[in-house]
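Dropping start-v1.tsv in here (TSV, C-alpha atoms and all ligand atoms):
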```
chain	number	residue	atom	x	y	z
T	1	MET	CA	116.28	168.74	71.79
T	2	THR	CA	113.62	167.93	74.40
T	3	LYS	CA	110.14	168.49	73.04
T	4	THR	CA	107.58	170.58	74.88
T	5	PRO	CA	104.59	168.91	76.59
T	6	GLU	CA	102.43	170.34	73.78
T	7	ASP	CA	104.66	168.63	71.16
T	8	HIS	CA	104.22	165.31	72.96
T	9	GLY	CA	100.49	165.94	73.33
T	10	ALA	CA	100.11	166.52	69.59
T	11	ARG	CA	102.18	163.41	68.81
T	12	PHE	CA	100.09	161.22	71.13
T	13	ASP	CA	96.84	162.71	69.77
T	14	GLU	CA	97.80	161.09	66.47
T	15	LEU	CA	98.78	157.77	68.05
T	16	ALA	CA	95.82	157.55	70.44
T	17	ALA	CA	93.37	155.44	68.40
T	18	GLU	CA	95.95	152.66	67.86
T	19	TYR	CA	97.88	152.99	71.12
T	20	ASP	CA	96.18	150.06	72.89
T	21	ASP	CA	96.73	147.67	69.95
T	22	ASP	CA	100.48	147.36	70.35
T	23	GLU	CA	102.36	146.58	73.54
T	24	SER	CA	105.82	145.08	74.00
T	25	ALA	CA	106.60	142.38	76.56
T	26	GLU	CA	108.76	144.92	78.44
T	27	TYR	CA	105.93	147.47	78.53
T	28	ARG	CA	103.53	144.81	79.88
T	29	ALA	CA	106.01	143.63	82.52
T	30	CYS	CA	106.65	147.22	83.60
T	31	ALA	CA	102.93	148.07	83.76
T	32	ASP	CA	102.22	144.91	85.80
T	33	LEU	CA	104.97	145.81	88.30
T	34	VAL	CA	103.62	149.37	88.64
T	35	ILE	CA	100.14	147.97	89.32
T	36	ASP	CA	101.46	145.41	91.85
T	37	HIS	CA	103.59	147.93	93.75
T	38	ALA	CA	100.91	150.65	93.79
T	39	ASP	CA	98.61	148.21	95.60
T	40	PRO	CA	96.07	150.83	96.78
T	41	THR	CA	93.74	150.15	99.70
T	42	ALA	CA	90.00	150.78	99.54
T	43	ASP	CA	90.51	154.24	101.12
T	44	ASP	CA	93.28	155.39	98.80
T	45	VAL	CA	93.20	158.13	96.19
T	46	VAL	CA	95.57	157.38	93.30
T	47	LEU	CA	96.94	159.98	90.87
T	48	ASP	CA	98.26	158.52	87.59
T	49	LEU	CA	100.42	160.97	85.64
T	50	GLY	CA	100.93	160.59	81.89
T	51	THR	CA	97.94	158.26	82.14
T	52	GLY	CA	97.51	157.84	78.37
T	53	THR	CA	94.60	155.55	77.58
T	54	GLY	CA	94.28	154.69	81.28
T	55	ALA	CA	96.05	151.31	81.47
T	56	ILE	CA	97.34	151.86	85.01
T	57	ALA	CA	94.46	154.02	86.26
T	58	LEU	CA	91.81	151.50	85.18
T	59	ALA	CA	93.74	148.54	86.59
T	60	LEU	CA	93.95	150.24	90.01
T	61	ALA	CA	90.40	151.60	90.17
T	62	PRO	CA	88.70	148.37	91.35
T	63	THR	CA	90.75	148.34	94.57
T	64	ALA	CA	91.16	152.11	95.19
T	65	ASP	CA	88.65	154.59	96.53
T	66	ARG	CA	89.26	156.95	93.60
T	67	VAL	CA	91.69	157.29	90.72
T	68	VAL	CA	92.57	160.53	88.94
T	69	GLY	CA	94.36	160.30	85.58
T	70	ARG	CA	96.19	163.25	84.06
T	71	ASP	CA	97.68	163.65	80.58
T	72	ILE	CA	98.66	166.31	78.09
T	73	SER	CA	97.01	164.59	75.10
T	74	GLU	CA	93.27	165.08	74.66
T	75	GLY	CA	93.26	162.19	72.15
T	76	MET	CA	94.70	159.79	74.74
T	77	LEU	CA	92.29	161.13	77.38
T	78	ASP	CA	89.32	160.48	75.06
T	79	GLU	CA	90.48	156.86	74.68
T	80	ALA	CA	90.90	156.60	78.46
T	81	ARG	CA	87.34	157.84	79.01
T	82	ALA	CA	86.02	155.37	76.43
T	83	ASN	CA	87.94	152.53	78.13
T	84	ALA	CA	86.50	153.60	81.51
T	85	GLU	CA	82.99	153.54	80.10
T	86	GLU	CA	83.56	150.06	78.71
T	87	THR	CA	84.71	148.74	82.09
T	88	GLY	CA	81.81	150.41	83.90
T	89	LEU	CA	84.13	151.88	86.52
T	90	ASP	CA	82.74	155.11	87.94
T	91	ASN	CA	85.52	156.04	90.40
T	92	VAL	CA	88.02	157.19	87.75
T	93	ALA	CA	88.28	160.75	86.42
T	94	PHE	CA	90.52	161.70	83.51
T	95	GLY	CA	91.56	165.26	82.72
T	96	ARG	CA	94.27	167.48	81.39
T	97	GLY	CA	97.38	167.97	83.50
T	98	THR	CA	101.13	167.73	83.13
T	99	PHE	CA	103.83	166.32	85.37
T	100	ARG	CA	104.85	169.76	86.50
T	101	GLU	CA	101.29	171.11	86.65
T	102	PRO	CA	99.03	168.14	87.40
T	103	GLU	CA	96.01	170.44	87.88
T	104	TYR	CA	94.97	168.37	90.89
T	105	ASP	CA	95.13	169.64	94.44
T	106	GLY	CA	93.04	167.13	96.37
T	107	PRO	CA	94.38	164.49	98.74
T	108	VAL	CA	96.52	161.76	97.20
T	109	ASP	CA	97.89	158.58	98.75
T	110	VAL	CA	99.61	156.91	95.80
T	111	VAL	CA	101.08	158.48	92.65
T	112	THR	CA	101.85	156.26	89.66
T	113	SER	CA	103.40	156.91	86.29
T	114	ASN	CA	104.21	154.38	83.58
T	115	PHE	CA	106.22	154.89	80.40
T	116	ALA	CA	105.70	158.66	80.37
T	117	MET	CA	108.31	160.55	82.39
T	118	HIS	CA	111.06	159.82	79.83
T	119	HIS	CA	109.49	162.54	77.68
T	120	LEU	CA	110.91	165.12	80.10
T	121	SER	CA	114.51	166.32	80.29
T	122	ASP	CA	116.39	165.33	83.44
T	123	ALA	CA	115.92	168.84	84.89
T	124	GLN	CA	112.19	168.67	84.15
T	125	LYS	CA	111.99	165.19	85.74
T	126	ARG	CA	113.60	166.60	88.88
T	127	ASP	CA	111.02	169.45	88.97
T	128	ALA	CA	108.19	166.97	88.37
T	129	ILE	CA	109.38	164.70	91.19
T	130	ALA	CA	109.49	167.71	93.54
T	131	VAL	CA	105.90	168.59	92.52
T	132	ILE	CA	104.83	164.98	93.16
T	133	ALA	CA	106.50	165.01	96.59
T	134	ASP	CA	104.66	168.24	97.45
T	135	LEU	CA	101.33	166.49	96.79
T	136	GLY	CA	102.19	164.34	99.83
T	137	PRO	CA	101.66	160.77	98.61
T	138	ARG	CA	102.74	157.83	100.76
T	139	THR	CA	104.12	156.06	97.68
T	140	PHE	CA	105.24	157.03	94.19
T	141	VAL	CA	105.65	154.17	91.72
T	142	LEU	CA	107.57	155.08	88.58
T	143	GLY	CA	107.78	152.63	85.70
T	144	ASP	CA	109.65	153.89	82.69
T	145	VAL	CA	112.47	153.70	80.22
T	146	MET	CA	115.53	154.19	82.44
T	147	PHE	CA	119.15	153.17	82.03
T	148	PHE	CA	120.59	150.55	84.38
T	149	GLY	CA	123.90	150.67	82.49
T	150	GLU	CA	125.24	152.10	79.26
T	151	PRO	CA	122.37	151.75	76.73
T	152	ASP	CA	123.26	149.86	73.57
T	153	PRO	CA	123.13	152.59	70.87
T	154	GLU	CA	122.21	149.92	68.32
T	155	GLU	CA	119.14	148.89	70.30
T	156	PRO	CA	117.59	151.89	71.98
T	157	PHE	CA	114.34	151.06	73.76
T	158	TYR	CA	113.12	154.56	72.97
T	159	SER	CA	113.09	157.12	70.15
T	160	PRO	CA	116.19	159.29	70.58
T	161	ASP	CA	114.61	162.13	68.58
T	162	VAL	CA	111.61	162.53	70.92
T	163	ASP	CA	112.52	160.76	74.18
T	164	ASP	CA	115.02	161.61	76.90
T	165	PRO	CA	115.34	158.73	79.40
T	166	ALA	CA	117.39	159.19	82.57
T	167	THR	CA	119.80	156.86	84.30
T	168	VAL	CA	118.51	155.06	87.38
T	169	GLY	CA	121.06	157.08	89.38
T	170	VAL	CA	119.63	160.43	88.24
T	171	LEU	CA	116.10	159.31	89.12
T	172	ALA	CA	117.16	157.87	92.49
T	173	ASP	CA	118.94	161.14	93.38
T	174	ALA	CA	115.91	163.24	92.40
T	175	LEU	CA	113.60	160.99	94.44
T	176	THR	CA	115.74	161.00	97.58
T	177	ASP	CA	116.38	164.77	97.28
T	178	ALA	CA	112.58	165.23	97.21
T	179	GLY	CA	112.24	163.31	100.49
T	180	PHE	CA	111.46	159.80	99.24
T	181	SER	CA	113.26	156.56	100.16
T	182	LEU	CA	113.59	153.87	97.52
T	183	SER	CA	111.97	150.64	98.71
T	184	ALA	CA	112.30	148.67	95.47
T	185	VAL	CA	114.23	148.82	92.23
T	186	GLU	CA	112.89	146.40	89.62
T	187	PRO	CA	114.85	146.07	86.39
T	188	VAL	CA	112.70	144.73	83.55
T	189	HIS	CA	115.30	145.23	80.80
T	190	GLU	CA	118.62	147.10	80.80
T	191	GLN	CA	116.67	150.17	79.60
T	192	VAL	CA	113.34	149.66	81.42
T	193	GLY	CA	112.46	149.39	85.08
T	194	VAL	CA	110.30	150.33	88.02
T	195	LEU	CA	111.29	152.40	91.05
T	196	VAL	CA	109.16	152.39	94.18
T	197	ALA	CA	109.58	155.48	96.34
T	198	GLU	CA	108.13	155.78	99.81
T	199	ARG	CA	107.81	158.97	101.72
T	200	ALA	CA	110.67	159.08	104.22
T	201	PRO	CA	109.24	159.74	107.71
T	202	SER	CA	109.85	163.35	108.77
T	203	ALA	CA	111.88	163.95	111.95
T	204	GLU	CA	108.60	165.06	113.57
T	205	THR	CA	106.74	161.86	112.66
T	206	ALA	CA	109.73	159.71	113.64
T	207	GLY	CA	109.81	161.54	116.99
T	208	GLU	CA	106.12	160.90	117.52
T	209	ARG	CA	106.70	157.16	117.03
T	210	ALA	CA	109.77	156.96	119.29
S	301	LIG	C1	103.79	155.98	76.16
S	301	LIG	S1	102.36	156.78	76.82
S	301	LIG	C2	102.09	155.88	78.33
S	301	LIG	C3	100.64	155.93	78.75
S	301	LIG	C4	100.27	155.09	79.97
S	301	LIG	N1	100.88	155.58	81.18
S	301	LIG	C5	100.57	153.61	79.78
S	301	LIG	O1	101.22	153.01	80.64
S	301	LIG	O2	100.10	153.04	78.77
S	301	LIG	C6	103.02	158.32	77.39
S	301	LIG	C7	101.94	159.33	77.78
S	301	LIG	O3	102.58	160.43	78.45
S	301	LIG	C8	101.92	161.62	78.06
S	301	LIG	N2	102.80	162.76	78.32
S	301	LIG	C9	103.93	163.11	77.68
S	301	LIG	N3	104.47	164.20	78.25
S	301	LIG	C10	103.65	164.55	79.27
S	301	LIG	C11	103.66	165.60	80.24
S	301	LIG	N4	104.64	166.50	80.28
S	301	LIG	N5	102.67	165.64	81.15
S	301	LIG	C12	101.67	164.72	81.14
S	301	LIG	N6	101.61	163.71	80.24
S	301	LIG	C13	102.58	163.63	79.32
S	301	LIG	C14	101.58	161.40	76.60
S	301	LIG	O4	100.56	162.25	76.13
S	301	LIG	C15	101.18	159.93	76.61
S	301	LIG	O5	99.80	159.75	76.81
```
Could you write out this file's structure as structure tokens?
Amino acid sequence: MTKTPEDHGARFDELAAEYDDDESAEYRACADLVIDHADPTADDVVLDLGTGTGAIALALAPTADRVVGRDISEGMLDEARANAEETGLDNVAFGRGTFREPEYDGPVDVVTSNFAMHHLSDAQKRDAIAVIADLGPRTFVLGDVMFFGEPDPEEPFYSPDVDDPATVGVLADALTDAGFSLSAVEPVHEQVGVLVAERAPSAETAGERA
């Protein structure tokens, strides 16, 4: 059964203090691709959802105008704030918010999310992607556990009792239905990858350019 955001928040509260001590090669490769593809300019506002201890948010802050990190776990957010203080970055703000209710309504140019959306059911992911599209970013970069083929049941890259990864096809459909075009699909492992979604130009904007 898919857990509620509060269940995940409570679970990550317990993991928060040790979260940064342990990262797999696949996690690192995925995070690096998310950072590379997000590539914010000096004027960009970035929203990082499921920000955890701030790995993506803090890596993007030096080149962005502002970065906003949102998470359901106060424990992870405390670690993120401590990491921000250590780096001396003052253009990052961390606060509570979920995928479906990010509790952020300012302008946003780039949305990122790494290793977090697989906690949602496929229907919830679809809702979350629609919410992200409504925020109006130019780019949404999603790194996560996702299935490029049939996952090997003997070697799941996730915890079947708490996680609910989608196939790449389900994610691609949700992204295109929400008005994005996929500009890159980066497999990292048969169960991990990065999707880069760009806002498809509206008929109006396309007309203006013609
Ligand atoms: C595996 S961590 C990844 C953290 C970070 N993005 C990274 O790359 O290290 C997953 C994070 O997603 C958060 N999370 C889970 N469900 C969420 C939801 N519905 N809304 C917002 N955050 C959520 C958890 O609290 C946790 O901090």
Atomic separation - atom CA of Thr87 of chain T relative to atom CA of Glu14 of chain T, Å =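 Between atom CA of Glu14 of chain T and atom CA of Thr87 of chain T the gap works out to 23.8 Å.
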Hey, which residues come within 8 Å of ligand LIG 301 (chain S) if we count all atoms listed in the file? Could you give them as a ChimeraX atom specification?
-> /T:4-6,8-13,16,19-20,27,31,48-56,70-74,76-77,96-102,113-117,119-120
Using the file's own x, y and z axes, so that the box edges lie along x, y and z, what centre and edge lengths in Å (one decimal) does a box around every listed atom of segment 168-172 of chain T get when 5 Å is added on each side? Give it as JSON.
```
{"center_x": 118.6, "center_y": 157.7, "center_z": 89.9, "size_x": 15.0, "size_y": 15.4, "size_z": 15.1}
```
Computed gap from atom CA of Ala82 of chain T to atom CA of Glu18 of chain T is 13.4 Å
Which neighbours of segment 148-150 of chain T fall inside 9 Å, counting all atoms listed in the file, when residues of the same chain fewer than 6 positions from it are skipped, and could you give them as a list in words?
-> Thr167, Val168, Gly169, Pro187, His189, Glu190, Gln191, Val192 and Gly193 of chain T
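You will find atom CA of Thr41 of chain T at 7.5 Å from atom CA of Asp65 of chain T.
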Selected residue, from T:Asp90, T:Asp127, T:Glu198, T:Glu154, that lies nearest to Ser181 of chain T when counting only C-alpha atoms |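 Counting only C-alpha atoms, the residue closest to Ser181 of chain T is T:Glu198.
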Using only C-alpha atoms, pick whichever of T:Val162, T:Phe147, T:His118, T:Gly179 has the shortest atom-to-atom distance to Asp134 of chain T.
->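 Looking at the shortest contact to Asp134 of chain T, the residue is T:Gly179.
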Spatial neighbours of Ala57 of chain T, 8 Å, all atoms listed in the file, chain gap at least 4 places, as an NGL selection string = :T and (46-48 or 51 or 61 or 67-69 or 92)
Which is closest to Gln124 of chain T among T:Lys3, T:Ser159, T:Pro62, T:Met146, if we use all atoms listed in the file?
->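 Residue with the minimum atom-to-atom distance to Gln124 of chain T: T:Lys3.
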